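File shown: query-v5.cif. Contents: mmCIF, C-alpha atoms.
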data_coords
#
loop_
_atom_site.group_PDB
_atom_site.id
_atom_site.type_symbol
_atom_site.label_atom_id
_atom_site.label_comp_id
_atom_site.auth_asym_id
_atom_site.auth_seq_id
_atom_site.Cartn_x
_atom_site.Cartn_y
_atom_site.Cartn_z
ATOM 1 C CA MET N 1 0.000 0.000 0.000
ATOM 2 C CA LYS N 2 1.360 3.372 -0.992
ATOM 3 C CA VAL N 3 -0.377 6.469 0.258
ATOM 4 C CA CYS N 4 0.943 9.977 -0.208
ATOM 5 C CA CYS N 5 0.990 11.999 3.038
ATOM 6 C CA LYS N 6 0.206 15.703 2.898
ATOM 7 C CA VAL N 7 1.484 17.874 5.726
ATOM 8 C CA VAL N 8 -0.749 20.585 7.137
ATOM 9 C CA VAL N 9 0.516 23.110 9.666
ATOM 10 C CA LEU N 10 -1.525 23.534 12.845
ATOM 11 C CA PHE N 11 -1.586 26.634 15.013
ATOM 12 C CA ALA N 12 1.603 28.137 16.417
ATOM 13 C CA LEU N 13 1.736 26.099 19.615
ATOM 14 C CA ILE N 14 2.157 22.865 17.678
ATOM 15 C CA SER N 15 3.403 24.166 14.328
ATOM 16 C CA SER N 16 6.156 21.538 14.331
ATOM 17 C CA PHE N 17 3.663 18.674 13.991
ATOM 18 C CA ASN N 18 2.500 17.052 10.805
ATOM 19 C CA VAL N 19 -1.220 16.567 10.285
ATOM 20 C CA GLY N 20 -1.567 14.016 7.563
ATOM 21 C CA GLY N 21 -3.810 13.831 4.535
ATOM 22 C CA ALA N 22 -3.721 11.034 1.995
ATOM 23 C CA ALA N 23 -4.983 10.210 -1.466
ATOM 24 C CA GLN N 24 -8.305 8.435 -1.722
ATOM 25 C CA THR N 25 -8.175 4.778 -2.682
ATOM 26 C CA ALA N 26 -10.510 2.303 -4.304
ATOM 27 C CA SER N 27 -12.619 0.035 -2.125
ATOM 28 C CA SER N 28 -14.416 -3.267 -2.281
ATOM 29 C CA LYS N 29 -18.198 -3.405 -2.315
ATOM 30 C CA PRO N 30 -20.133 -4.291 0.820
ATOM 31 C CA PRO N 31 -22.580 -7.193 0.809
ATOM 32 C CA ALA N 32 -25.569 -6.546 -1.452
ATOM 33 C CA THR N 33 -28.852 -5.544 0.194
ATOM 34 C CA SER N 34 -32.389 -5.731 -1.097
ATOM 35 C CA LEU N 35 -33.755 -2.620 -2.762
ATOM 36 C CA GLN N 36 -36.295 -0.729 -0.708
ATOM 37 C CA LYS N 37 -38.400 2.339 -1.351
ATOM 38 C CA SER N 38 -36.184 5.201 -0.250
ATOM 39 C CA LEU N 39 -32.613 6.059 0.676
ATOM 40 C CA GLU N 40 -31.575 7.238 4.112
ATOM 41 C CA PRO N 41 -29.907 10.650 4.424
ATOM 42 C CA VAL N 42 -26.127 10.533 4.706
ATOM 43 C CA VAL N 43 -24.976 12.060 8.015
ATOM 44 C CA LEU N 44 -21.576 13.752 7.989
ATOM 45 C CA THR N 45 -19.603 14.884 11.018
ATOM 46 C CA THR N 46 -17.701 17.873 9.691
ATOM 47 C CA THR N 47 -14.781 19.877 11.048
ATOM 48 C CA VAL N 48 -14.020 23.382 9.804
ATOM 49 C CA MET N 49 -10.516 24.776 10.363
ATOM 50 C CA ASN N 50 -9.054 28.234 9.803
ATOM 51 C CA LYS N 51 -5.632 28.843 8.298
ATOM 52 C CA LYS N 52 -4.007 28.506 11.742
ATOM 53 C CA GLY N 53 -5.425 25.001 12.162
ATOM 54 C CA GLU N 54 -7.981 26.058 14.777
ATOM 55 C CA PRO N 55 -11.581 24.744 14.745
ATOM 56 C CA VAL N 56 -14.225 27.226 13.569
ATOM 57 C CA SER N 57 -17.701 27.449 15.062
ATOM 58 C CA GLY N 58 -20.765 29.605 14.397
ATOM 59 C CA LEU N 59 -21.220 28.923 10.681
ATOM 60 C CA ARG N 60 -24.662 28.537 9.074
ATOM 61 C CA ARG N 61 -26.198 25.968 6.773
ATOM 62 C CA ASP N 62 -25.800 28.257 3.754
ATOM 63 C CA ASN N 63 -22.043 28.436 4.362
ATOM 64 C CA PHE N 64 -21.698 24.803 3.265
ATOM 65 C CA GLN N 65 -21.856 23.021 -0.074
ATOM 66 C CA VAL N 66 -21.751 19.220 -0.201
ATOM 67 C CA PHE N 67 -20.857 17.227 -3.315
ATOM 68 C CA ILE N 68 -21.501 13.520 -3.881
ATOM 69 C CA ASP N 69 -19.363 12.155 -6.720
ATOM 70 C CA LYS N 70 -18.792 15.799 -7.825
ATOM 71 C CA ASP N 71 -22.543 16.563 -8.038
ATOM 72 C CA PRO N 72 -24.201 18.999 -5.569
ATOM 73 C CA ALA N 73 -26.269 17.360 -2.822
ATOM 74 C CA GLU N 74 -29.203 18.800 -0.892
ATOM 75 C CA ILE N 75 -28.586 19.508 2.806
ATOM 76 C CA VAL N 76 -31.644 18.204 4.660
ATOM 77 C CA ASP N 77 -30.447 18.739 8.227
ATOM 78 C CA PHE N 78 -27.799 20.934 9.830
ATOM 79 C CA ARG N 79 -26.702 21.565 13.399
ATOM 80 C CA GLN N 80 -23.734 22.374 15.583
ATOM 81 C CA GLU N 81 -24.060 20.957 19.080
ATOM 82 C CA ASP N 82 -21.640 20.096 21.869
ATOM 83 C CA GLU N 83 -23.037 16.612 22.273
ATOM 84 C CA PRO N 84 -21.600 13.876 24.520
ATOM 85 C CA LEU N 85 -19.368 11.284 22.879
ATOM 86 C CA SER N 86 -18.591 7.604 23.188
ATOM 87 C CA VAL N 87 -14.778 7.463 23.023
ATOM 88 C CA GLY N 88 -12.465 4.479 22.705
ATOM 89 C CA ILE N 89 -8.817 5.083 23.654
ATOM 90 C CA ILE N 90 -6.397 2.560 22.138
ATOM 91 C CA PHE N 91 -2.725 2.282 23.127
ATOM 92 C CA ASP N 92 -0.015 0.346 21.329
ATOM 93 C CA ALA N 93 1.923 -1.586 23.998
ATOM 94 C CA SER N 94 4.114 -3.574 21.598
ATOM 95 C CA GLY N 95 7.894 -3.610 21.607
ATOM 96 C CA SER N 96 8.147 -1.365 18.536
ATOM 97 C CA VAL N 97 6.686 1.700 20.273
ATOM 98 C CA ALA N 98 9.105 2.042 23.190
ATOM 99 C CA ASP N 99 11.624 0.044 25.195
ATOM 100 C CA GLN N 100 11.348 -0.592 28.925
ATOM 101 C CA HIS N 101 13.564 2.404 29.691
ATOM 102 C CA SER N 102 11.530 4.967 27.722
ATOM 103 C CA MET N 103 8.075 3.508 28.415
ATOM 104 C CA LYS N 104 7.877 5.002 31.911
ATOM 105 C CA SER N 105 8.389 8.499 30.514
ATOM 106 C CA LEU N 106 5.943 7.816 27.669
ATOM 107 C CA ILE N 107 3.231 6.670 30.081
ATOM 108 C CA LYS N 108 3.688 9.794 32.182
ATOM 109 C CA ASP N 109 3.320 11.983 29.087
ATOM 110 C CA LEU N 110 0.250 10.060 27.948
ATOM 111 C CA GLN N 111 -1.402 10.336 31.355
ATOM 112 C CA GLN N 112 -0.935 14.089 31.430
ATOM 113 C CA ALA N 113 -2.186 14.463 27.844
ATOM 114 C CA LEU N 114 -5.198 12.271 28.527
ATOM 115 C CA ARG N 115 -6.040 14.309 31.633
ATOM 116 C CA THR N 116 -5.947 17.431 29.450
ATOM 117 C CA PHE N 117 -8.251 15.769 26.921
ATOM 118 C CA ILE N 118 -10.818 14.675 29.517
ATOM 119 C CA ASP N 119 -10.790 18.042 31.299
ATOM 120 C CA THR N 120 -11.317 19.885 27.988
ATOM 121 C CA SER N 121 -14.015 17.517 26.716
ATOM 122 C CA ASN N 122 -17.740 17.318 27.365
ATOM 123 C CA GLN N 123 -18.081 16.018 30.904
ATOM 124 C CA SER N 124 -20.881 13.642 29.848
ATOM 125 C CA ASN N 125 -18.550 11.651 27.595
ATOM 126 C CA GLU N 126 -18.072 7.934 28.226
ATOM 127 C CA TYR N 127 -14.785 6.092 27.603
ATOM 128 C CA PHE N 128 -13.223 2.677 27.301
ATOM 129 C CA VAL N 129 -9.487 1.921 27.249
ATOM 130 C CA MET N 130 -7.868 -0.795 25.151
ATOM 131 C CA ALA N 131 -4.218 -1.808 24.744
ATOM 132 C CA PHE N 132 -2.614 -4.264 22.346
ATOM 133 C CA ASN N 133 0.586 -6.063 21.472
ATOM 134 C CA ILE N 134 0.183 -9.616 20.149
ATOM 135 C CA ARG N 135 -3.558 -9.303 20.845
ATOM 136 C CA PRO N 136 -6.032 -6.605 21.949
ATOM 137 C CA GLN N 137 -6.950 -6.356 25.625
ATOM 138 C CA LEU N 138 -9.748 -4.296 27.155
ATOM 139 C CA LEU N 139 -8.180 -2.527 30.131
ATOM 140 C CA LEU N 140 -11.223 -0.521 31.213
ATOM 141 C CA ASP N 141 -14.843 -0.836 30.124
ATOM 142 C CA TRP N 142 -17.251 2.078 29.674
ATOM 143 C CA THR N 143 -16.788 4.727 32.353
ATOM 144 C CA SER N 144 -16.721 8.482 32.931
ATOM 145 C CA ASP N 145 -14.311 8.173 35.873
ATOM 146 C CA SER N 146 -11.319 10.250 34.739
ATOM 147 C CA ARG N 147 -9.110 8.984 37.588
ATOM 148 C CA ALA N 148 -9.713 5.361 36.623
ATOM 149 C CA ILE N 149 -9.006 6.108 32.951
ATOM 150 C CA ILE N 150 -5.691 7.811 33.677
ATOM 151 C CA ASP N 151 -4.556 5.242 36.263
ATOM 152 C CA THR N 152 -5.249 2.403 33.827
ATOM 153 C CA LEU N 153 -2.271 3.438 31.684
ATOM 154 C CA SER N 154 0.167 2.564 34.477
ATOM 155 C CA VAL N 155 -0.190 -1.151 33.623
ATOM 156 C CA LEU N 156 1.217 -0.760 30.099
ATOM 157 C CA GLN N 157 4.380 -2.807 29.507
ATOM 158 C CA PRO N 158 5.972 -2.688 26.027
ATOM 159 C CA LYS N 159 6.657 -6.149 24.631
ATOM 160 C CA GLY N 160 5.900 -8.470 21.774
ATOM 161 C CA ASN N 161 4.599 -8.072 18.261
ATOM 162 C CA THR N 162 1.787 -5.830 17.094
ATOM 163 C CA ALA N 163 -1.860 -6.654 16.285
ATOM 164 C CA LEU N 164 -2.877 -3.114 15.343
ATOM 165 C CA TYR N 165 -5.546 -4.068 12.790
ATOM 166 C CA ASP N 166 -7.220 -6.560 15.131
ATOM 167 C CA ALA N 167 -7.324 -3.985 17.940
ATOM 168 C CA CYS N 168 -8.809 -1.270 15.710
ATOM 169 C CA TYR N 169 -11.363 -3.660 14.202
ATOM 170 C CA LEU N 170 -12.599 -4.707 17.633
ATOM 171 C CA ALA N 171 -12.571 -1.112 18.881
ATOM 172 C CA ILE N 172 -14.727 0.043 15.944
ATOM 173 C CA ASP N 173 -17.301 -2.594 16.836
ATOM 174 C CA LYS N 174 -17.218 -1.779 20.553
ATOM 175 C CA VAL N 175 -17.464 1.990 20.230
ATOM 176 C CA GLN N 176 -20.541 1.624 18.021
ATOM 177 C CA HIS N 177 -22.270 -0.017 20.991
ATOM 178 C CA GLY N 178 -21.694 3.060 23.151
ATOM 179 C CA ARG N 179 -24.715 4.953 24.458
ATOM 180 C CA ASN N 180 -23.961 8.154 22.491
ATOM 181 C CA SER N 181 -24.621 8.608 18.787
ATOM 182 C CA LYS N 182 -21.290 10.297 18.096
ATOM 183 C CA ARG N 183 -18.374 7.836 18.302
ATOM 184 C CA VAL N 184 -14.645 8.488 18.359
ATOM 185 C CA LEU N 185 -11.453 6.424 18.554
ATOM 186 C CA ILE N 186 -8.137 7.886 19.693
ATOM 187 C CA LEU N 187 -5.289 5.637 18.591
ATOM 188 C CA VAL N 188 -1.738 5.972 19.936
ATOM 189 C CA SER N 189 0.592 3.800 17.830
ATOM 190 C CA ASP N 190 3.522 3.765 15.418
ATOM 191 C CA GLY N 191 1.337 2.112 12.752
ATOM 192 C CA GLU N 192 3.238 -1.177 12.630
ATOM 193 C CA ASP N 193 1.337 -4.461 12.354
ATOM 194 C CA ASN N 194 2.787 -7.939 12.023
ATOM 195 C CA VAL N 195 0.438 -10.491 13.658
ATOM 196 C CA SER N 196 -3.168 -9.400 13.017
ATOM 197 C CA THR N 197 -5.839 -11.776 11.769
ATOM 198 C CA TYR N 198 -7.611 -8.926 9.974
ATOM 199 C CA SER N 199 -5.940 -7.229 7.010
ATOM 200 C CA PHE N 200 -5.581 -3.501 6.469
ATOM 201 C CA ASP N 201 -8.155 -3.633 3.650
ATOM 202 C CA GLN N 202 -10.679 -5.346 5.922
ATOM 203 C CA LEU N 203 -10.090 -2.740 8.623
ATOM 204 C CA ARG N 204 -10.470 0.136 6.188
ATOM 205 C CA ASP N 205 -13.694 -1.302 4.773
ATOM 206 C CA GLU N 206 -15.092 -1.747 8.286
ATOM 207 C CA LEU N 207 -14.264 1.873 9.038
ATOM 208 C CA ARG N 208 -15.882 3.026 5.797
ATOM 209 C CA VAL N 209 -19.255 1.509 6.665
ATOM 210 C CA SER N 210 -19.164 2.927 10.200
ATOM 211 C CA ASP N 211 -19.681 6.463 11.475
ATOM 212 C CA VAL N 212 -16.589 6.362 13.709
ATOM 213 C CA LEU N 213 -14.029 9.188 13.754
ATOM 214 C CA VAL N 214 -10.385 8.141 14.185
ATOM 215 C CA TYR N 215 -7.681 10.425 15.589
ATOM 216 C CA SER N 216 -4.272 8.735 15.419
ATOM 217 C CA ILE N 217 -1.095 9.926 17.122
ATOM 218 C CA ASN N 218 2.459 8.629 16.731
ATOM 219 C CA PHE N 219 4.423 9.220 19.939
ATOM 220 C CA SER N 220 7.225 6.866 18.966
ATOM 221 C CA ASN N 221 10.740 8.026 18.064
ATOM 222 C CA THR N 222 11.555 4.690 16.420
ATOM 223 C CA GLY N 223 11.099 3.575 12.841
ATOM 224 C CA PHE N 224 11.761 7.009 11.277
ATOM 225 C CA ALA N 225 14.831 8.319 9.464
ATOM 226 C CA GLY N 226 13.238 7.417 6.131
ATOM 227 C CA SER N 227 12.986 3.691 6.916
ATOM 228 C CA ALA N 228 10.405 1.680 4.999
ATOM 229 C CA LEU N 229 8.823 0.498 8.251
ATOM 230 C CA GLY N 230 8.502 3.998 9.682
ATOM 231 C CA THR N 231 7.090 5.448 6.474
ATOM 232 C CA GLU N 232 4.554 2.665 6.028
ATOM 233 C CA GLY N 233 3.383 3.052 9.620
ATOM 234 C CA LEU N 234 2.798 6.759 9.113
ATOM 235 C CA GLU N 235 0.843 6.088 5.939
ATOM 236 C CA ILE N 236 -1.361 3.497 7.649
ATOM 237 C CA LEU N 237 -2.264 5.800 10.546
ATOM 238 C CA ASN N 238 -2.806 8.661 8.146
ATOM 239 C CA GLU N 239 -5.235 6.755 5.951
ATOM 240 C CA LEU N 240 -7.260 5.390 8.865
ATOM 241 C CA SER N 241 -7.775 8.965 10.040
ATOM 242 C CA LEU N 242 -8.488 10.301 6.559
ATOM 243 C CA VAL N 243 -11.131 7.687 5.744
ATOM 244 C CA SER N 244 -13.085 8.577 8.871
ATOM 245 C CA GLY N 245 -12.744 12.380 8.789
ATOM 246 C CA GLY N 246 -10.326 12.507 11.728
ATOM 247 C CA THR N 247 -6.702 13.662 11.860
ATOM 248 C CA PHE N 248 -3.242 12.132 12.192
ATOM 249 C CA PHE N 249 -0.496 13.749 14.299
ATOM 250 C CA TYR N 250 3.204 12.934 14.215
ATOM 251 C CA LYS N 251 6.569 14.607 14.711
ATOM 252 C CA ARG N 252 9.068 15.168 11.950
ATOM 253 C CA ASN N 253 12.769 14.279 11.798
ATOM 254 C CA GLY N 254 12.498 11.251 14.065
ATOM 255 C CA ARG N 255 11.860 13.283 17.220
ATOM 256 C CA ALA N 256 9.346 12.077 19.782
ATOM 257 C CA ILE N 257 6.465 14.269 20.895
ATOM 258 C CA THR N 258 7.158 16.101 24.153
ATOM 259 C CA THR N 259 4.804 16.408 27.129
ATOM 260 C CA SER N 260 3.758 19.973 26.319
ATOM 261 C CA GLU N 261 3.236 19.082 22.664
ATOM 262 C CA ALA N 262 1.160 16.040 23.619
ATOM 263 C CA ASN N 263 -1.037 18.228 25.810
ATOM 264 C CA ALA N 264 -1.538 20.635 22.914
ATOM 265 C CA ILE N 265 -2.538 17.808 20.572
ATOM 266 C CA PHE N 266 -5.071 16.286 22.966
ATOM 267 C CA GLU N 267 -6.503 19.687 23.808
ATOM 268 C CA LEU N 268 -6.923 20.470 20.110
ATOM 269 C CA ILE N 269 -8.722 17.167 19.515
ATOM 270 C CA ALA N 270 -11.081 17.842 22.445
ATOM 271 C CA ARG N 271 -11.847 21.371 21.221
ATOM 272 C CA GLU N 272 -12.401 20.150 17.680
ATOM 273 C CA LEU N 273 -14.837 17.451 18.788
ATOM 274 C CA ARG N 274 -16.912 20.031 20.689
ATOM 275 C CA GLN N 275 -17.178 22.396 17.700
ATOM 276 C CA GLN N 276 -18.015 20.055 14.831
ATOM 277 C CA TYR N 277 -21.019 20.326 12.533
ATOM 278 C CA THR N 278 -23.505 17.573 11.772
ATOM 279 C CA ILE N 279 -24.687 17.795 8.164
ATOM 280 C CA ALA N 280 -27.235 15.391 6.666
ATOM 281 C CA VAL N 281 -27.552 15.278 2.886
ATOM 282 C CA ALA N 282 -29.988 13.516 0.559
ATOM 283 C CA PRO N 283 -28.255 11.023 -1.743
ATOM 284 C CA HIS N 284 -29.062 11.227 -5.425
ATOM 285 C CA ASN N 285 -32.003 9.122 -6.590
ATOM 286 C CA SER N 286 -29.834 7.502 -9.242
ATOM 287 C CA SER N 287 -27.139 6.523 -6.750
ATOM 288 C CA ASP N 288 -25.987 2.918 -6.891
ATOM 289 C CA THR N 289 -26.424 1.224 -3.490
ATOM 290 C CA GLY N 290 -23.544 -1.142 -4.210
ATOM 291 C CA LYS N 291 -21.106 1.624 -5.059
ATOM 292 C CA TRP N 292 -18.667 3.689 -3.010
ATOM 293 C CA HIS N 293 -19.632 7.379 -3.228
ATOM 294 C CA LYS N 294 -17.080 10.120 -2.624
ATOM 295 C CA ILE N 295 -17.897 13.155 -0.495
ATOM 296 C CA ARG N 296 -16.481 16.669 -0.694
ATOM 297 C CA ILE N 297 -17.497 19.696 1.388
ATOM 298 C CA LYS N 298 -16.791 23.346 0.599
ATOM 299 C CA VAL N 299 -17.154 26.296 2.956
ATOM 300 C CA GLY N 300 -18.276 29.542 1.355
ATOM 301 C CA GLY N 301 -20.763 32.371 1.498
ATOM 302 C CA ALA N 302 -20.295 35.982 2.470
ATOM 303 C CA ALA N 303 -16.904 36.678 4.044
ATOM 304 C CA ASN N 304 -16.870 37.545 7.718
ATOM 305 C CA ALA N 305 -15.741 40.901 9.062
ATOM 306 C CA ARG N 306 -12.076 39.975 8.760
ATOM 307 C CA GLY N 307 -12.447 38.350 5.356
ATOM 308 C CA GLU N 308 -11.222 34.990 6.651
ATOM 309 C CA MET N 309 -13.842 32.599 5.312
ATOM 310 C CA LYS N 310 -11.925 32.045 2.090
ATOM 311 C CA HIS N 311 -9.205 30.429 4.207
ATOM 312 C CA PHE N 312 -11.562 27.981 5.925
ATOM 313 C CA SER N 313 -11.347 24.294 5.037
ATOM 314 C CA ALA N 314 -13.810 21.510 5.828
ATOM 315 C CA ARG N 315 -12.983 17.902 6.681
ATOM 316 C CA THR N 316 -15.332 14.907 6.830
ATOM 317 C CA ARG N 317 -15.241 11.211 5.996
ATOM 318 C CA GLU N 318 -14.092 10.518 2.479
ATOM 319 C CA GLY N 319 -17.234 8.738 1.278
ATOM 320 C CA PHE N 320 -20.062 6.329 2.030
ATOM 321 C CA TYR N 321 -22.085 3.323 0.961
ATOM 322 C CA LEU N 322 -25.813 3.998 0.734
ATOM 323 C CA ASN N 323 -28.228 2.625 3.316
ATOM 324 C CA GLN N 324 -31.833 1.923 2.440
ATOM 325 C CA ARG N 325 -34.952 2.227 4.554
#
Could you express the structure from this file as structure tokens?
Amino acid sequence: MKVCCKVVVLFALISSFNVGGAAQTASSKPPATSLQKSLEPVVLTTTVMNKKGEPVSGLRRDNFQVFIDKDPAEIVDFRQEDEPLSVGIIFDASGSVADQHSMKSLIKDLQQALRTFIDTSNQSNEYFVMAFNIRPQLLLDWTSDSRAIIDTLSVLQPKGNTALYDACYLAIDKVQHGRNSKRVLILVSDGEDNVSTYSFDQLRDELRVSDVLVYSINFSNTGFAGSALGTEGLEILNELSLVSGGTFFYKRNGRAITTSEANAIFELIARELRQQYTIAVAPHNSSDTGKWHKIRIKVGGAANARGEMKHFSARTREGFYLNQR
């Protein structure tokens, strides 16, 4: 798999990070379903960013244009609400992420960053925590107890091979059984996989038929320096985020993310999740229910007082398969 990463600069506090974007890829068709009378609206969780990489709130329905396979689509519902989330937090505890010496420092950084995320997020969120090396393990089931969530990370011990795809596949299924309608996965990994039962293509297809947002973060300082392993890992994390409408964060030049930078990343994710737009569009009557349909969103309309709207960009999942009523 070769995916081209595109680097986007965030705001000044974390301007040294890369936020990845990748080219869209072809997909396999889902299982055929029987034709029914009408097509369900397609619901899109949409993030709008300004040129500094900060989330933008307060826009109206007429500021958005949605395109399905390059054709304009009708917006049938629009809202911006700070709604509670069901969040799965997934940590890579394999030997490729950190050695025993550096893991203690990494855990401390992750605990502080996660505390920042929870404190900045909607206090009605629910969370589960999963870790993986040769297999996924649920460390903490659904809870809103921030202390329990943070303390859970202290059990992480880096060892063994990496079942990244299996862990993500199971996490997608679990988070969709959360009590809230908006579902998010936060994945901390270097992107390496060498023992999973599921393939990358199976994982990507599962993500495409879900409504789960993925935010992936590479804290590792291994596997870089232009190595094939490091580059492939970055591309994998980047595409998982892109497919879902989330974001991928990593540090350039083989340097690990520092504590203050980690806090900034997790705070940005929390702020973004609280300021997203929910846009429902009507699929075209001629749309093929067995076909993958690409989505594109543009932000426009009258410029605001500072003339900044032309610099706004919108991000959502890359496409959808149609559902029928």
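Reported to one decimal place, the separation of atom CA of Val299 of chain N from atom CA of Ala270 of chain N is 22.1 Å.
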List as JSON, numbers by chain the protein and nucleic acid residues near Thr46 of chain N, meaning an atom at most 6 Å away when all atoms listed in the file are counted, but skip any in the same chain fewer than 2 places from it. {"N": [44, 276, 277, 315, 316]}
Using only C-alpha atoms, please write the residues we just selected to a file, as a PDB file, in the frame of the given file.
ATOM      1  CA  LEU N  44     -21.576  13.752   7.989  1.00  0.00           C
ATOM      2  CA  GLN N 276     -18.015  20.055  14.831  1.00  0.00           C
ATOM      3  CA  TYR N 277     -21.019  20.326  12.533  1.00  0.00           C
ATOM      4  CA  ARG N 315     -12.983  17.902   6.681  1.00  0.00           C
ATOM      5  CA  THR N 316     -15.332  14.907   6.830  1.00  0.00           C
TER       6      THR N 316
END
So which residues get picked by the PyMOL selection byres ((chain N and resi 92) around 9) here, written as a PDB file with C-alpha atoms, in the coordinates of the input?
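Final output, saved to result_2.pdb:
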ATOM      1  CA  ILE N  90      -6.397   2.560  22.138  1.00  0.00           C
ATOM      2  CA  PHE N  91      -2.725   2.282  23.127  1.00  0.00           C
ATOM      3  CA  ALA N  93       1.923  -1.586  23.998  1.00  0.00           C
ATOM      4  CA  SER N  94       4.114  -3.574  21.598  1.00  0.00           C
ATOM      5  CA  GLY N  95       7.894  -3.610  21.607  1.00  0.00           C
ATOM      6  CA  SER N  96       8.147  -1.365  18.536  1.00  0.00           C
ATOM      7  CA  VAL N  97       6.686   1.700  20.273  1.00  0.00           C
ATOM      8  CA  MET N 130      -7.868  -0.795  25.151  1.00  0.00           C
ATOM      9  CA  ALA N 131      -4.218  -1.808  24.744  1.00  0.00           C
ATOM     10  CA  PHE N 132      -2.614  -4.264  22.346  1.00  0.00           C
ATOM     11  CA  ASN N 133       0.586  -6.063  21.472  1.00  0.00           C
ATOM     12  CA  LEU N 156       1.217  -0.760  30.099  1.00  0.00           C
ATOM     13  CA  PRO N 158       5.972  -2.688  26.027  1.00  0.00           C
ATOM     14  CA  THR N 162       1.787  -5.830  17.094  1.00  0.00           C
ATOM     15  CA  ALA N 163      -1.860  -6.654  16.285  1.00  0.00           C
ATOM     16  CA  LEU N 164      -2.877  -3.114  15.343  1.00  0.00           C
ATOM     17  CA  LEU N 187      -5.289   5.637  18.591  1.00  0.00           C
ATOM     18  CA  VAL N 188      -1.738   5.972  19.936  1.00  0.00           C
ATOM     19  CA  SER N 189       0.592   3.800  17.830  1.00  0.00           C
ATOM     20  CA  ASP N 190       3.522   3.765  15.418  1.00  0.00           C
ATOM     21  CA  GLY N 191       1.337   2.112  12.752  1.00  0.00           C
TER      22      GLY N 191
END
Excluding Glu74 of chain N and any residue of its chain fewer than 6 positions from it, enumerate the residues within 8 Å of it, using all atoms listed in the file, and give them as a ChimeraX atom specification. /N:66,281-283
Shell around Ala171 of chain N at 8 Å using all atoms listed in the file, local window under 2 positions removed, as number ranges by chain: N: 88, 90, 130, 167-169, 173-175, 185
